[in-house]
$ cat entry25.pdb   # PDB, C-alpha atoms, pLDDT in the B column
ATOM      1  CA  MET A   1      88.435  36.762 107.483  1.00 95.00           C
ATOM      2  CA  ILE A   2      87.867  35.434 110.970  1.00 98.00           C
ATOM      3  CA  LYS A   3      90.150  36.539 113.811  1.00 98.00           C
ATOM      4  CA  ILE A   4      90.157  35.870 117.550  1.00 98.00           C
ATOM      5  CA  THR A   5      92.705  38.117 119.194  1.00 98.00           C
ATOM      6  CA  LYS A   6      93.834  39.919 122.328  1.00 98.00           C
ATOM      7  CA  GLU A   7      94.853  42.876 120.174  1.00 98.00           C
ATOM      8  CA  ASP A   8      92.750  45.965 119.475  1.00 98.00           C
ATOM      9  CA  PHE A   9      91.704  46.700 115.881  1.00 98.00           C
ATOM     10  CA  ASN A  10      91.207  49.825 113.787  1.00 98.00           C
ATOM     11  CA  LEU A  11      87.820  50.268 112.097  1.00 97.00           C
ATOM     12  CA  GLU A  12      89.078  52.232 109.096  1.00 97.00           C
ATOM     13  CA  GLU A  13      91.892  49.740 108.440  1.00 97.00           C
ATOM     14  CA  GLU A  14      89.497  46.803 108.669  1.00 98.00           C
ATOM     15  CA  PHE A  15      87.105  48.565 106.267  1.00 97.00           C
ATOM     16  CA  LYS A  16      89.950  49.170 103.782  1.00 97.00           C
ATOM     17  CA  LYS A  17      90.792  45.449 103.842  1.00 97.00           C
ATOM     18  CA  ILE A  18      87.255  44.383 102.924  1.00 97.00           C
ATOM     19  CA  HIS A  19      86.548  47.287 100.537  1.00 97.00           C
ATOM     20  CA  SER A  20      86.032  46.365  96.871  1.00 96.00           C
ATOM     21  CA  LYS A  21      84.597  48.045  93.762  1.00 95.00           C
ATOM     22  CA  LYS A  22      82.031  45.264  93.390  1.00 94.00           C
ATOM     23  CA  ASN A  23      80.350  46.178  96.695  1.00 95.00           C
ATOM     24  CA  GLY A  24      77.667  48.839  96.946  1.00 96.00           C
ATOM     25  CA  ALA A  25      76.992  48.333 100.636  1.00 97.00           C
ATOM     26  CA  TYR A  26      78.722  47.485 103.889  1.00 98.00           C
ATOM     27  CA  SER A  27      77.134  46.854 107.235  1.00 98.00           C
ATOM     28  CA  PHE A  28      79.050  47.164 110.518  1.00 98.00           C
ATOM     29  CA  PHE A  29      78.367  45.915 114.021  1.00 98.00           C
ATOM     30  CA  LEU A  30      80.743  46.974 116.778  1.00 98.00           C
ATOM     31  CA  GLY A  31      80.271  45.675 120.312  1.00 98.00           C
ATOM     32  CA  THR A  32      82.034  47.467 123.189  1.00 97.00           C
ATOM     33  CA  VAL A  33      82.362  46.948 126.948  1.00 96.00           C
ATOM     34  CA  ARG A  34      79.412  48.667 128.611  1.00 92.00           C
ATOM     35  CA  GLN A  35      79.326  50.318 132.023  1.00 89.00           C
ATOM     36  CA  ASP A  36      75.948  49.351 133.460  1.00 79.00           C
ATOM     37  CA  ILE A  37      74.474  51.669 136.103  1.00 73.00           C
ATOM     38  CA  ASN A  38      73.777  48.654 138.324  1.00 73.00           C
ATOM     39  CA  ASP A  39      77.039  46.849 137.596  1.00 76.00           C
ATOM     40  CA  ASN A  40      80.022  48.758 138.874  1.00 86.00           C
ATOM     41  CA  ILE A  41      82.609  46.695 137.004  1.00 92.00           C
ATOM     42  CA  ASP A  42      86.179  47.546 136.014  1.00 94.00           C
ATOM     43  CA  GLY A  43      85.911  45.619 132.788  1.00 95.00           C
ATOM     44  CA  ILE A  44      85.357  42.143 131.413  1.00 96.00           C
ATOM     45  CA  PHE A  45      87.404  39.023 130.768  1.00 97.00           C
ATOM     46  CA  LEU A  46      86.629  36.915 127.705  1.00 98.00           C
ATOM     47  CA  GLU A  47      87.526  33.246 127.691  1.00 96.00           C
ATOM     48  CA  CYS A  48      87.509  31.228 124.476  1.00 97.00           C
ATOM     49  CA  TYR A  49      87.792  27.646 123.271  1.00 96.00           C
ATOM     50  CA  GLU A  50      89.616  28.849 120.184  1.00 97.00           C
ATOM     51  CA  ASP A  51      89.614  25.721 117.992  1.00 96.00           C
ATOM     52  CA  LEU A  52      85.842  25.354 118.364  1.00 97.00           C
ATOM     53  CA  ALA A  53      85.146  29.099 118.131  1.00 98.00           C
ATOM     54  CA  TYR A  54      87.073  29.364 114.826  1.00 98.00           C
ATOM     55  CA  SER A  55      85.146  26.384 113.474  1.00 97.00           C
ATOM     56  CA  GLN A  56      81.804  27.882 114.577  1.00 97.00           C
ATOM     57  CA  LEU A  57      82.618  31.360 113.237  1.00 98.00           C
ATOM     58  CA  ASN A  58      83.716  29.917 109.888  1.00 97.00           C
ATOM     59  CA  LYS A  59      80.415  28.019 109.644  1.00 96.00           C
ATOM     60  CA  ILE A  60      78.439  31.211 110.467  1.00 97.00           C
ATOM     61  CA  LYS A  61      80.415  33.077 107.814  1.00 97.00           C
ATOM     62  CA  GLU A  62      79.917  30.360 105.179  1.00 97.00           C
ATOM     63  CA  ASP A  63      76.155  30.222 105.876  1.00 95.00           C
ATOM     64  CA  SER A  64      75.816  34.014 105.721  1.00 96.00           C
ATOM     65  CA  VAL A  65      77.745  34.340 102.470  1.00 97.00           C
ATOM     66  CA  LYS A  66      75.533  31.665 100.907  1.00 96.00           C
ATOM     67  CA  ILE A  67      72.151  32.829 102.249  1.00 95.00           C
ATOM     68  CA  TRP A  68      72.606  36.575 101.636  1.00 96.00           C
ATOM     69  CA  ASN A  69      74.926  36.346  98.643  1.00 95.00           C
ATOM     70  CA  LEU A  70      77.602  38.362 100.403  1.00 97.00           C
ATOM     71  CA  SER A  71      80.757  39.206  98.535  1.00 97.00           C
ATOM     72  CA  ASP A  72      82.720  39.174 101.771  1.00 96.00           C
ATOM     73  CA  CYS A  73      82.425  39.044 105.535  1.00 97.00           C
ATOM     74  CA  LYS A  74      84.805  39.791 108.395  1.00 98.00           C
ATOM     75  CA  ILE A  75      84.462  38.822 112.056  1.00 98.00           C
ATOM     76  CA  ILE A  76      86.972  39.894 114.709  1.00 98.00           C
ATOM     77  CA  HIS A  77      86.429  38.907 118.348  1.00 98.00           C
ATOM     78  CA  ARG A  78      88.733  39.989 121.141  1.00 98.00           C
ATOM     79  CA  ILE A  79      89.558  37.825 124.154  1.00 98.00           C
ATOM     80  CA  GLY A  80      91.292  38.352 127.491  1.00 98.00           C
ATOM     81  CA  ASP A  81      91.044  41.432 129.709  1.00 97.00           C
ATOM     82  CA  LEU A  82      89.077  44.374 128.313  1.00 97.00           C
ATOM     83  CA  ARG A  83      88.345  47.655 130.103  1.00 96.00           C
ATOM     84  CA  ILE A  84      85.150  49.708 129.961  1.00 95.00           C
ATOM     85  CA  SER A  85      84.518  51.178 126.466  1.00 95.00           C
ATOM     86  CA  GLU A  86      87.066  48.924 124.745  1.00 97.00           C
ATOM     87  CA  LYS A  87      86.067  47.192 121.522  1.00 98.00           C
ATOM     88  CA  ILE A  88      84.958  43.552 121.874  1.00 98.00           C
ATOM     89  CA  VAL A  89      83.641  42.394 118.520  1.00 98.00           C
ATOM     90  CA  LEU A  90      83.474  43.639 114.941  1.00 98.00           C
ATOM     91  CA  VAL A  91      81.302  42.240 112.160  1.00 98.00           C
ATOM     92  CA  ILE A  92      81.511  43.688 108.652  1.00 98.00           C
ATOM     93  CA  THR A  93      79.391  42.337 105.827  1.00 98.00           C
ATOM     94  CA  ALA A  94      79.781  43.421 102.223  1.00 98.00           C
ATOM     95  CA  ALA A  95      77.348  42.966  99.346  1.00 97.00           C
ATOM     96  CA  PRO A  96      76.192  44.683  96.161  1.00 94.00           C
ATOM     97  CA  HIS A  97      72.988  45.823  97.929  1.00 92.00           C
ATOM     98  CA  ARG A  98      72.291  47.126 101.441  1.00 95.00           C
ATOM     99  CA  SER A  99      69.387  44.911 102.538  1.00 95.00           C
ATOM    100  CA  ASP A 100      71.471  41.727 102.228  1.00 94.00           C
ATOM    101  CA  CYS A 101      74.416  42.984 104.221  1.00 95.00           C
ATOM    102  CA  ILE A 102      72.278  44.612 106.957  1.00 97.00           C
ATOM    103  CA  GLU A 103      70.288  41.414 107.532  1.00 97.00           C
ATOM    104  CA  ALA A 104      73.388  39.188 107.360  1.00 97.00           C
ATOM    105  CA  CYS A 105      75.233  41.389 109.857  1.00 98.00           C
ATOM    106  CA  GLU A 106      72.365  41.066 112.347  1.00 98.00           C
ATOM    107  CA  TYR A 107      72.223  37.277 111.817  1.00 98.00           C
ATOM    108  CA  ILE A 108      75.981  36.943 112.421  1.00 98.00           C
ATOM    109  CA  ILE A 109      76.066  38.839 115.716  1.00 98.00           C
ATOM    110  CA  ASP A 110      72.864  37.143 116.971  1.00 98.00           C
ATOM    111  CA  THR A 111      74.297  33.705 116.157  1.00 97.00           C
ATOM    112  CA  LEU A 112      77.703  34.529 117.602  1.00 98.00           C
ATOM    113  CA  LYS A 113      76.182  35.653 120.912  1.00 97.00           C
ATOM    114  CA  ALA A 114      74.242  32.412 121.351  1.00 95.00           C
ATOM    115  CA  ASN A 115      76.367  29.825 119.627  1.00 94.00           C
ATOM    116  CA  VAL A 116      80.117  30.460 119.686  1.00 97.00           C
ATOM    117  CA  ALA A 117      82.488  29.124 122.359  1.00 97.00           C
ATOM    118  CA  LEU A 118      83.183  32.413 124.125  1.00 98.00           C
ATOM    119  CA  TRP A 119      82.450  33.222 127.781  1.00 97.00           C
ATOM    120  CA  LYS A 120      82.266  36.636 129.379  1.00 97.00           C
ATOM    121  CA  PHE A 121      83.213  37.412 132.988  1.00 96.00           C
ATOM    122  CA  HIS A 122      82.612  40.685 134.836  1.00 95.00           C
ATOM    123  CA  VAL A 123      85.830  41.896 136.442  1.00 95.00           C
ATOM    124  CA  LYS A 124      85.750  43.877 139.672  1.00 93.00           C
ATOM    125  CA  GLY A 125      89.120  44.288 141.353  1.00 92.00           C
ATOM    126  CA  LYS A 126      90.591  40.779 141.497  1.00 92.00           C
ATOM    127  CA  GLU A 127      87.166  39.087 141.310  1.00 93.00           C
ATOM    128  CA  LYS A 128      85.833  37.475 138.120  1.00 94.00           C
ATOM    129  CA  GLU A 129      82.131  36.662 137.938  1.00 93.00           C
ATOM    130  CA  PRO A 130      80.732  34.661 134.984  1.00 94.00           C
ATOM    131  CA  VAL A 131      78.015  36.462 133.010  1.00 94.00           C
ATOM    132  CA  ASP A 132      74.816  34.467 132.504  1.00 94.00           C
ATOM    133  CA  GLN A 133      73.442  33.921 129.025  1.00 94.00           C
ATOM    134  CA  LYS A 134      70.449  36.213 128.462  1.00 93.00           C
ATOM    135  CA  LYS A 135      67.171  34.586 127.437  1.00 94.00           C
ATOM    136  CA  LYS A 136      66.508  37.414 124.976  1.00 95.00           C
ATOM    137  CA  ASP A 137      69.826  36.635 123.216  1.00 95.00           C
ATOM    138  CA  LEU A 138      68.907  32.966 122.913  1.00 93.00           C
ATOM    139  CA  ASP A 139      65.354  33.803 121.722  1.00 94.00           C
ATOM    140  CA  LYS A 140      66.731  36.218 119.127  1.00 95.00           C
ATOM    141  CA  TYR A 141      69.100  33.550 117.790  1.00 95.00           C
ATOM    142  CA  LEU A 142      66.343  30.930 117.714  1.00 94.00           C
ATOM    143  CA  SER A 143      64.037  33.315 115.813  1.00 94.00           C
ATOM    144  CA  TRP A 144      66.435  33.133 112.836  1.00 94.00           C
ATOM    145  CA  GLY A 145      65.552  29.439 112.466  1.00 88.00           C
ATOM    146  CA  GLN A 146      62.181  30.441 111.019  1.00 74.00           C
ATOM    147  CA  ILE A 147      63.803  32.798 108.512  1.00 72.00           C
ATOM    148  CA  ILE A 148      66.809  30.864 107.234  1.00 70.00           C
ATOM    149  CA  SER A 149      65.512  27.271 107.293  1.00 62.00           C
TER     150      SER A 149
ATOM    151  CA  MET B   1      79.083  24.083 140.124  1.00 55.00           C
ATOM    152  CA  LYS B   2      82.725  24.657 139.201  1.00 61.00           C
ATOM    153  CA  ILE B   3      85.024  22.119 137.548  1.00 66.00           C
ATOM    154  CA  GLN B   4      88.030  24.452 137.790  1.00 70.00           C
ATOM    155  CA  LYS B   5      89.928  22.432 135.210  1.00 76.00           C
ATOM    156  CA  SER B   6      90.556  23.311 131.607  1.00 77.00           C
ATOM    157  CA  HIS B   7      91.104  19.678 130.645  1.00 82.00           C
ATOM    158  CA  GLU B   8      91.651  16.188 131.971  1.00 82.00           C
ATOM    159  CA  PHE B   9      92.867  12.923 130.405  1.00 86.00           C
ATOM    160  CA  PHE B  10      91.004   9.643 130.912  1.00 84.00           C
ATOM    161  CA  GLU B  11      92.051   6.103 130.021  1.00 83.00           C
ATOM    162  CA  PHE B  12      89.608   3.271 129.363  1.00 81.00           C
ATOM    163  CA  SER B  13      90.393  -0.309 128.471  1.00 77.00           C
ATOM    164  CA  ASN B  14      87.053  -1.166 126.855  1.00 78.00           C
ATOM    165  CA  GLU B  15      85.466   0.069 123.648  1.00 85.00           C
ATOM    166  CA  MET B  16      83.755   3.305 124.421  1.00 91.00           C
ATOM    167  CA  SER B  17      80.757   5.271 123.190  1.00 94.00           C
ATOM    168  CA  PHE B  18      79.693   8.660 124.512  1.00 95.00           C
ATOM    169  CA  SER B  19      76.823   6.978 126.318  1.00 94.00           C
ATOM    170  CA  LYS B  20      79.189   4.500 128.045  1.00 93.00           C
ATOM    171  CA  LEU B  21      81.642   7.277 128.776  1.00 92.00           C
ATOM    172  CA  LYS B  22      78.944   9.249 130.612  1.00 92.00           C
ATOM    173  CA  ASN B  23      78.291   6.289 132.902  1.00 91.00           C
ATOM    174  CA  GLU B  24      82.012   5.750 133.515  1.00 90.00           C
ATOM    175  CA  LEU B  25      82.528   9.376 134.446  1.00 90.00           C
ATOM    176  CA  ILE B  26      79.495   9.437 136.738  1.00 92.00           C
ATOM    177  CA  ASN B  27      80.888   6.317 138.482  1.00 90.00           C
ATOM    178  CA  GLN B  28      84.235   8.055 138.934  1.00 86.00           C
ATOM    179  CA  ASN B  29      82.801  11.313 140.255  1.00 85.00           C
ATOM    180  CA  SER B  30      79.139  12.008 141.083  1.00 85.00           C
ATOM    181  CA  PHE B  31      79.415  15.628 140.092  1.00 85.00           C
ATOM    182  CA  PHE B  32      79.384  14.452 136.426  1.00 90.00           C
ATOM    183  CA  ASP B  33      75.820  13.314 137.086  1.00 91.00           C
ATOM    184  CA  GLU B  34      74.898  16.943 137.692  1.00 91.00           C
ATOM    185  CA  ILE B  35      76.659  17.976 134.482  1.00 91.00           C
ATOM    186  CA  PHE B  36      74.998  15.364 132.268  1.00 93.00           C
ATOM    187  CA  LYS B  37      71.561  16.225 133.670  1.00 92.00           C
ATOM    188  CA  ASP B  38      72.029  19.922 132.943  1.00 93.00           C
ATOM    189  CA  SER B  39      70.210  20.572 129.651  1.00 91.00           C
ATOM    190  CA  SER B  40      72.017  23.900 129.157  1.00 92.00           C
ATOM    191  CA  ILE B  41      75.411  22.155 128.782  1.00 94.00           C
ATOM    192  CA  LYS B  42      76.389  21.106 125.255  1.00 95.00           C
ATOM    193  CA  PHE B  43      78.799  18.287 124.474  1.00 96.00           C
ATOM    194  CA  PHE B  44      81.244  18.271 121.574  1.00 97.00           C
ATOM    195  CA  LEU B  45      83.411  15.502 120.147  1.00 96.00           C
ATOM    196  CA  ASN B  46      86.400  16.770 118.158  1.00 96.00           C
ATOM    197  CA  LEU B  47      84.699  20.163 117.607  1.00 95.00           C
ATOM    198  CA  LYS B  48      81.348  18.695 116.489  1.00 95.00           C
ATOM    199  CA  GLU B  49      78.276  18.792 118.704  1.00 95.00           C
ATOM    200  CA  ILE B  50      77.247  15.315 119.856  1.00 96.00           C
ATOM    201  CA  THR B  51      73.748  14.512 118.647  1.00 94.00           C
ATOM    202  CA  ASP B  52      73.899  10.707 118.890  1.00 95.00           C
ATOM    203  CA  GLU B  53      75.017   9.367 122.264  1.00 94.00           C
ATOM    204  CA  ASN B  54      76.035   6.045 120.685  1.00 95.00           C
ATOM    205  CA  ILE B  55      78.830   7.718 118.757  1.00 96.00           C
ATOM    206  CA  PRO B  56      82.095   5.782 119.338  1.00 95.00           C
ATOM    207  CA  ILE B  57      84.922   7.427 121.280  1.00 94.00           C
ATOM    208  CA  ASN B  58      88.413   6.583 120.024  1.00 92.00           C
ATOM    209  CA  ASP B  59      91.906   7.025 121.412  1.00 91.00           C
ATOM    210  CA  GLY B  60      92.957  10.676 121.231  1.00 92.00           C
ATOM    211  CA  ASP B  61      89.424  12.055 120.849  1.00 94.00           C
ATOM    212  CA  GLU B  62      88.640  15.331 122.564  1.00 94.00           C
ATOM    213  CA  ILE B  63      85.317  15.834 124.315  1.00 94.00           C
ATOM    214  CA  ALA B  64      84.267  19.320 125.379  1.00 93.00           C
ATOM    215  CA  LEU B  65      81.605  20.170 127.962  1.00 92.00           C
ATOM    216  CA  LEU B  66      80.386  23.666 127.251  1.00 94.00           C
ATOM    217  CA  PRO B  67      78.161  25.826 129.457  1.00 93.00           C
ATOM    218  CA  PRO B  68      75.926  28.449 127.747  1.00 96.00           C
ATOM    219  CA  VAL B  69      78.071  30.867 125.777  1.00 97.00           C
ATOM    220  CA  THR B  70      78.143  34.621 126.376  1.00 96.00           C
ATOM    221  CA  GLY B  71      80.399  36.221 123.775  1.00 96.00           C
ATOM    222  CA  GLY B  72      79.691  39.238 121.594  1.00 95.00           C
TER     223      GLY B  72
END
$ encode --input "entry25.pdb" --output "structure tokens"
Amino acid sequence: MIKITKEDFNLEEEFKKIHSKKNGAYSFFLGTVRQDINDNIDGIFLECYEDLAYSQLNKIKEDSVKIWNLSDCKIIHRIGDLRISEKIVLVITAAPHRSDCIEACEYIIDTLKANVALWKFHVKGKEKEPVDQKKKDLDKYLSWGQIIS
Amino acid sequence: MKIQKSHEFFEFSNEMSFSKLKNELINQNSFFDEIFKDSSIKFFLNLKEITDENIPINDGDEIALLPPVTGG
């Protein structure tokens, strides 16, 4: 299941939805809004080109299921205004064995951060400042090319 | 560089490819020159990344100009 939403989500409920007797392992990644010491922000704003983002997330999911033999995979990404500590993104991968779902979960969040039509802005009062893409995020995504090709 | 527009409609009378479209847009507004020279911007046609600039553009097609993404 892929979902782009302004609404918050509940971890336990999302786990229950993906839970199945055939799985022996689940891996979770949860991204939240961070308060940096050097960035005194009130929160973030996430903008999305939804049609493209859904298409890109579905492709990432399909690739991950195929490469790591996942039994299921869930990606939820929030958009709009989010305050400090709020949940941004959830990835859950499910597989019979742990190594597959741990690696797939890392691949999904690395690929999402570098390759899905979402843009983050720092919010301070009424000001919105676009966040620059980090080179380390791009390098991490590119490093998967050597593993999955 | 800020476009400050979510979308814009263009009309062309001639047959169009992405390559020709780039030239047309640059002729209309020089700031497109800056965009097309920026290697960090990706271009999509109907949700698929453009890899061949000779790809034809048809009536109703949607082209997206995307700066580096920062989700997650």
$ atom_distance --input "entry25.pdb" --atom1 "CA of Arg98 in chain A" --atom2 "CA of Lys22 in chain A"
12.8 Å
$ resolve_selection --input "entry25.pdb" --expression "the ChimeraX specification (/A :<6) & /B" --output "count of residues only"
5
$ atom_distance --input "entry25.pdb" --atom1 "CA of Glu15 in chain B" --atom2 "CA of Asn29 in chain B"
20.2 Å
$ atom_distance --input "entry25.pdb" --atom1 "CA of Lys16 in chain A" --atom2 "CA of Ile2 in chain A"
15.6 Å
$ residues_around --input "entry25.pdb" --residues "range 30-38 of chain B" --least-positions-apart "6" --cutoff "12 Å" --atoms "only C-alpha atoms" --output "list in words"
Met1, Lys2, Ile3, Phe18, Ser19, Leu21, Lys22, Asn23, Glu24, Glu53, Ala64, Leu65, Leu66, Pro67 and Pro68 of chain B
$ closest_residue --input "entry25.pdb" --among "A:Ile18, A:Ile41, A:Ile75, A:Ile60" --to "Ile4 in chain A" --atoms "all atoms listed in the file"
A:Ile75
$ axis_aligned_box --input "entry25.pdb" --around "range 38-46 of chain B" --padding-each-side "6 Å" --output "lines of an AutoDock Vina configuration file"
center_x = 78.3
center_y = 19.7
center_z = 125.6
size_x = 28.2
size_y = 20.4
size_z = 26.8
$ closest_residue --input "entry25.pdb" --among "A:Phe15, A:Phe9, A:Trp68, A:Phe45" --to "Ile148 in chain A" --atoms "all atoms listed in the file"
A:Trp68
$ residues_around --input "entry25.pdb" --residues "Met1 in chain A" --least-positions-apart "4" --cutoff "9 Å" --atoms "only C-alpha atoms" --output "JSON, numbers by chain"
{"A": [18, 58, 61, 72, 73, 74, 75, 76]}
$ resolve_selection --input "entry25.pdb" --expression "the PyMOL selection byres ((chain B and resi 46) around 8)" --output "list of chain:residue names"
B:Phe44, B:Leu45, B:Leu47, B:Lys48, B:Asp61, B:Glu62, B:Ile63, B:Ala64
$ decode --input "entry25.pdb" --residues "range 54-63 of chain B" --atoms "all heavy atoms" --output "mmCIF file, in the first residue's frame"
data_model
loop_
_atom_site.group_PDB
_atom_site.id
_atom_site.type_symbol
_atom_site.label_atom_id
_atom_site.label_comp_id
_atom_site.auth_asym_id
_atom_site.auth_seq_id
_atom_site.Cartn_x
_atom_site.Cartn_y
_atom_site.Cartn_z
ATOM 1 N N ASN B 54 14.327 14.069 -28.575
ATOM 2 C CA ASN B 54 13.554 14.088 -29.822
ATOM 3 C C ASN B 54 12.138 13.520 -29.643
ATOM 4 O O ASN B 54 11.391 13.411 -30.613
ATOM 5 C CB ASN B 54 14.285 13.292 -30.907
ATOM 6 C CG ASN B 54 15.575 13.993 -31.289
ATOM 7 O OD1 ASN B 54 15.605 15.214 -31.444
ATOM 8 N ND2 ASN B 54 16.661 13.226 -31.387
ATOM 9 N N ILE B 55 11.820 13.176 -28.436
ATOM 10 C CA ILE B 55 10.488 12.591 -28.185
ATOM 11 C C ILE B 55 9.405 13.597 -28.597
ATOM 12 O O ILE B 55 9.506 14.790 -28.290
ATOM 13 C CB ILE B 55 10.352 12.179 -26.694
ATOM 14 C CG1 ILE B 55 9.101 11.347 -26.479
ATOM 15 C CG2 ILE B 55 10.349 13.384 -25.752
ATOM 16 C CD1 ILE B 55 9.101 10.576 -25.174
ATOM 17 N N PRO B 56 8.379 13.144 -29.368
ATOM 18 C CA PRO B 56 7.341 14.079 -29.806
ATOM 19 C C PRO B 56 6.448 14.541 -28.659
ATOM 20 O O PRO B 56 6.186 13.789 -27.718
ATOM 21 C CB PRO B 56 6.532 13.285 -30.840
ATOM 22 C CG PRO B 56 6.891 11.873 -30.639
ATOM 23 C CD PRO B 56 8.186 11.797 -29.901
ATOM 24 N N ILE B 57 6.011 15.788 -28.741
ATOM 25 C CA ILE B 57 5.076 16.346 -27.754
ATOM 26 C C ILE B 57 3.738 16.507 -28.454
ATOM 27 O O ILE B 57 3.655 17.140 -29.510
ATOM 28 C CB ILE B 57 5.554 17.737 -27.261
ATOM 29 C CG1 ILE B 57 6.995 17.681 -26.775
ATOM 30 C CG2 ILE B 57 4.613 18.276 -26.174
ATOM 31 C CD1 ILE B 57 7.250 16.868 -25.560
ATOM 32 N N ASN B 58 2.690 15.926 -27.871
ATOM 33 C CA ASN B 58 1.362 15.962 -28.485
ATOM 34 C C ASN B 58 0.400 16.823 -27.662
ATOM 35 O O ASN B 58 0.674 17.128 -26.494
ATOM 36 C CB ASN B 58 0.812 14.538 -28.600
ATOM 37 C CG ASN B 58 1.700 13.673 -29.469
ATOM 38 O OD1 ASN B 58 1.998 14.027 -30.608
ATOM 39 N ND2 ASN B 58 2.174 12.574 -28.917
ATOM 40 N N ASP B 59 -0.718 17.160 -28.305
ATOM 41 C CA ASP B 59 -1.725 17.982 -27.641
ATOM 42 C C ASP B 59 -2.168 17.325 -26.331
ATOM 43 O O ASP B 59 -2.464 16.128 -26.312
ATOM 44 C CB ASP B 59 -2.928 18.145 -28.589
ATOM 45 C CG ASP B 59 -3.836 19.265 -28.135
ATOM 46 O OD1 ASP B 59 -3.357 20.167 -27.424
ATOM 47 O OD2 ASP B 59 -5.019 19.242 -28.501
ATOM 48 N N GLY B 60 -2.185 18.089 -25.262
ATOM 49 C CA GLY B 60 -2.624 17.564 -23.969
ATOM 50 C C GLY B 60 -1.515 16.971 -23.120
ATOM 51 O O GLY B 60 -1.746 16.601 -21.973
ATOM 52 N N ASP B 61 -0.309 16.840 -23.669
ATOM 53 C CA ASP B 61 0.802 16.284 -22.896
ATOM 54 C C ASP B 61 1.166 17.210 -21.747
ATOM 55 O O ASP B 61 1.051 18.431 -21.851
ATOM 56 C CB ASP B 61 2.042 16.084 -23.785
ATOM 57 C CG ASP B 61 1.941 14.829 -24.631
ATOM 58 O OD1 ASP B 61 0.989 14.053 -24.412
ATOM 59 O OD2 ASP B 61 2.810 14.632 -25.498
ATOM 60 N N GLU B 62 1.665 16.592 -20.681
ATOM 61 C CA GLU B 62 2.084 17.371 -19.511
ATOM 62 C C GLU B 62 3.593 17.209 -19.313
ATOM 63 O O GLU B 62 4.095 16.086 -19.224
ATOM 64 C CB GLU B 62 1.355 16.860 -18.266
ATOM 65 C CG GLU B 62 1.714 17.617 -17.007
ATOM 66 C CD GLU B 62 0.895 17.164 -15.807
ATOM 67 O OE1 GLU B 62 -0.199 17.693 -15.613
ATOM 68 O OE2 GLU B 62 1.370 16.273 -15.083
ATOM 69 N N ILE B 63 4.274 18.337 -19.279
ATOM 70 C CA ILE B 63 5.726 18.311 -19.050
ATOM 71 C C ILE B 63 6.000 18.905 -17.677
ATOM 72 O O ILE B 63 5.466 19.960 -17.323
ATOM 73 C CB ILE B 63 6.454 19.112 -20.135
ATOM 74 C CG1 ILE B 63 6.314 18.366 -21.460
ATOM 75 C CG2 ILE B 63 7.925 19.304 -19.794
ATOM 76 C CD1 ILE B 63 6.819 19.110 -22.633
#
